[in-house]
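Asks: Here it is, the structure, as structure tokens.
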There are 2 protein chains.
Amino acid sequence: MPKQTYIPCLLRLFRQYGYDGATLSKISEATLLGKASLYHHFPGGKDEMVETVLDYIQQWLVQNILSALQSEGDALTRLRRMCECLNELYEGGEQPCLFAILLLGSARDVFHDQVKALFRTWIDAIADVLIGAGINQKLARHRGENAVIMIQGALILSQGLDDPSVFQRVIQRLPEDLCRPG
Amino acid sequence: MPKQTYIPCLLRLFRQYGYDGATLSKISEATLLGKASLYHHFPGGKDEMVETVLDYIQQWLVQNILSALQSEGDALTRLRRMCECLNELYEGGEQPCLFAILLLGSARDVFHDQVKALFRTWIDAIADVLIGAGINQKLARHRGENAVIMIQGALILSQGLDDPSVFQRVIQRLPEDLCRPG
DNA sequence: GTCTATATTAAGATAGAC
DNA sequence: GTCTATCTTAATATAGAC
């Protein structure tokens with residue numbers, strides 16, 4: 001099987017156990033591949049697996065989140081489409097964000113630049129929608145950051161309270177919060 | 001030295017490397033204690049070290065955060081005092097939150113109940129301040145959650161963008177945001 | 001592309017001397 | 001309370017057959 005096959009499985013493992021906790025043994029078991037086979041697909045080991053998953057998420061971000069933000073309709077509609085995408089990505093708040101996991105594990109330095117770039121892209125895309133809706137540039141930038149902050153925070157608290165309704169409530173109200181005047 | 005001596009060092013290590021990344025070798029090096037000495041102080045190994053640090057943070061939370069929230073003055077003043085405490089705890093946004101680290105590592109299940117209880121206590125204390133300021137119970141509860149969400153999210157994004165000013169901006173505006181009418 | 005087998009290193013943990 | 005030395009297990013990684 002081509003290595004793309006294993007991306008969903010790898011994503012699941014890294015989200016469940018974190019970077020350090022997702023051992024090759026667990027990965028071998030979950031993918032039904034021997035360790036040697038894993039190194040055939042990913043010569044760089046676990047780091048290359050994470051890179052591959054991050055590349056996949058970047059693609060997904062462009063084709064879903066950014067696509068929603070640049071779609072037809074007014075700002076509110078587009079932000080709502082983004083939130084529908086997020087609900088899928090994070091499985092209704094039951095799955096954590098890989099970015100946060102990578103930032104809080106021992107491999108922070110390895111993936112930091114890529115995560116930073118992804119955060120920037122995402123924030124800029126939200127800010128652009130708000131600027132298009134007549135909000136001034138500085139405020140739009142802050143609200144773009146706030147959107148990501150609310151999403152990341154809601155995911156943490158949903159995990160912490162073991163209650164995905166926290167995430168649900170946040171993404172329900174987020175689009176209108178972002179569009180509110182001044 | 002009594003084991004309390006090593007708590008700040010352990011907290012620093014767990015925040016820097018995460019639960020899985022903070023190995024006994026690193027801990028041994030940082031504390032200047034041999035591994036056998038570490039097991040003398042913490043017979044339960046790394047889990048007991050984390051428990052000890054969590055107990056310390058719980059104490060700190062009661063004596064600083066909760067104390068600020070239950071101090072003299074109006075709601076706005078008390079929430080500002082809380083934010084001053086948070087600025088200290090998270091070193092201006094440069095340090096991540098241990099709760100998030102534990103929730104996103106492989107030891108999630110071990111510490112989940114304690115982290116959950118700490119989140120609940122914190123949220124309840126914020127909600128009580130807002131109820132005292134005339135905000136209705138359900139809204140106060142949501143705003144208490146939102147406060148923790150904003151703080152956790154701001155810490156993640158500060159790490160991600162490598163820019164603590166994100167956290168600074170959030171805790172600056174948080175008290176007034178929480179107190180705003182309806 | 002996958003396997004078995006194995007090498008190498010590091011992690012968690014303990015025994016027993018001082 | 002701390003040490004040296006050691007043990008056991010597990011983690012990353014590779015060699016070489018099929």
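Every chain in the structure tokens takes a letter, A first, then B, and so on in the order presented; its residues are numbered from 1, and the ligands are numbered from 1 following the presented order.
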Provide as a count of residues only the residues of chain B at most 8 Å from chain A, counting only C-alpha atoms.
Replies: 34
Asks: Could the residues of segment 2-113 of chain A that have an atom at most 12 Å from segment 130-141 of chain A be listed as a Markdown table, each with its closest atom pair and the distance in Å to one decimal, counting only C-alpha atoms and ordered by chain and ascending residue number?
Replies:
```
| residue | atom | partner | partner_atom | distance |
| --- | --- | --- | --- | --- |
| A:Leu69 | CA | A:Leu130 | CA | 10.1 |
| A:Gln70 | CA | A:Gly132 | CA | 10.5 |
| A:Gly73 | CA | A:Ala133 | CA | 11.0 |
| A:Asp74 | CA | A:Ala133 | CA | 7.7 |
| A:Ala75 | CA | A:Ala133 | CA | 6.2 |
| A:Leu76 | CA | A:Ala133 | CA | 9.0 |
| A:Thr77 | CA | A:Ala133 | CA | 11.5 |
| A:Arg78 | CA | A:Leu130 | CA | 10.2 |
| A:Leu79 | CA | A:Leu130 | CA | 9.4 |
```
Asks: Emit the selected residues as a PDB file, in the first residue's frame, including N, CA and C atoms.
Replies:
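As written to disk, out23.pdb reads:
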```
ATOM      1  N   LEU A  69     -13.484  29.939   3.668  1.00  0.00           N
ATOM      2  CA  LEU A  69     -13.337  31.363   3.977  1.00  0.00           C
ATOM      3  C   LEU A  69     -13.327  32.227   2.716  1.00  0.00           C
ATOM      4  N   GLN A  70     -12.964  31.620   1.583  1.00  0.00           N
ATOM      5  CA  GLN A  70     -12.917  32.390   0.337  1.00  0.00           C
ATOM      6  C   GLN A  70     -14.076  32.047  -0.597  1.00  0.00           C
ATOM      7  N   GLY A  73     -20.728  34.327  -0.769  1.00  0.00           N
ATOM      8  CA  GLY A  73     -21.586  34.696   0.348  1.00  0.00           C
ATOM      9  C   GLY A  73     -20.967  35.754   1.239  1.00  0.00           C
ATOM     10  N   ASP A  74     -21.718  36.197   2.234  1.00  0.00           N
ATOM     11  CA  ASP A  74     -21.207  37.229   3.136  1.00  0.00           C
ATOM     12  C   ASP A  74     -20.275  36.625   4.194  1.00  0.00           C
ATOM     13  N   ALA A  75     -19.692  37.508   4.993  1.00  0.00           N
ATOM     14  CA  ALA A  75     -18.688  37.083   5.979  1.00  0.00           C
ATOM     15  C   ALA A  75     -19.251  36.038   6.943  1.00  0.00           C
ATOM     16  N   LEU A  76     -20.446  36.317   7.435  1.00  0.00           N
ATOM     17  CA  LEU A  76     -21.070  35.412   8.399  1.00  0.00           C
ATOM     18  C   LEU A  76     -21.227  34.011   7.820  1.00  0.00           C
ATOM     19  N   THR A  77     -21.701  33.942   6.595  1.00  0.00           N
ATOM     20  CA  THR A  77     -21.894  32.654   5.931  1.00  0.00           C
ATOM     21  C   THR A  77     -20.586  31.897   5.770  1.00  0.00           C
ATOM     22  N   ARG A  78     -19.556  32.615   5.374  1.00  0.00           N
ATOM     23  CA  ARG A  78     -18.261  31.971   5.147  1.00  0.00           C
ATOM     24  C   ARG A  78     -17.645  31.476   6.451  1.00  0.00           C
ATOM     25  N   LEU A  79     -17.797  32.273   7.503  1.00  0.00           N
ATOM     26  CA  LEU A  79     -17.263  31.836   8.801  1.00  0.00           C
ATOM     27  C   LEU A  79     -18.025  30.617   9.318  1.00  0.00           C
TER      28      LEU A  79
END
```
Asks: Counting only C-alpha atoms (C1' of nucleotides), which residues from chain C have an atom at most 12 Å from any atom of chain A, and could you show them as a PyMOL selection string?
Replies: chain C and resi 1-6
Asks: Can you spit out the residues from that selection as a PDB file, in the first residue's frame, using C-alpha atoms (C1' of nucleotides)?
Replies:
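Output file again-v3.pdb is given in full below:
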```
ATOM      1  C1'  DG C   1       6.497  -3.956  -0.083  1.00  0.00           C
ATOM      2  C1'  DT C   2       6.655  -6.842   3.744  1.00  0.00           C
ATOM      3  C1'  DC C   3       8.707  -9.908   6.767  1.00  0.00           C
ATOM      4  C1'  DT C   4      11.908 -12.051  10.761  1.00  0.00           C
ATOM      5  C1'  DA C   5      15.599 -11.223  13.331  1.00  0.00           C
ATOM      6  C1'  DT C   6      18.619  -8.353  15.571  1.00  0.00           C
TER       7       DT C   6
END
```
Asks: Any idea what's packed within 10 Å of Arg80 of chain B, counting only C-alpha atoms (C1' of nucleotides), ignoring anything in its chain fewer than 3 positions away? Could you give it as number ranges by chain?
Replies: B: 68-69, 75-77, 83-86, 171-176
Asks: Could you check the closest approach to chain B for each of D:DA13, D:DC3, D:DT8, D:DC18 and tell me which residue wins, using only C-alpha atoms (C1' of nucleotides)?
Replies: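 Closest to chain B, using only C-alpha atoms (C1' of nucleotides): D:DC3.
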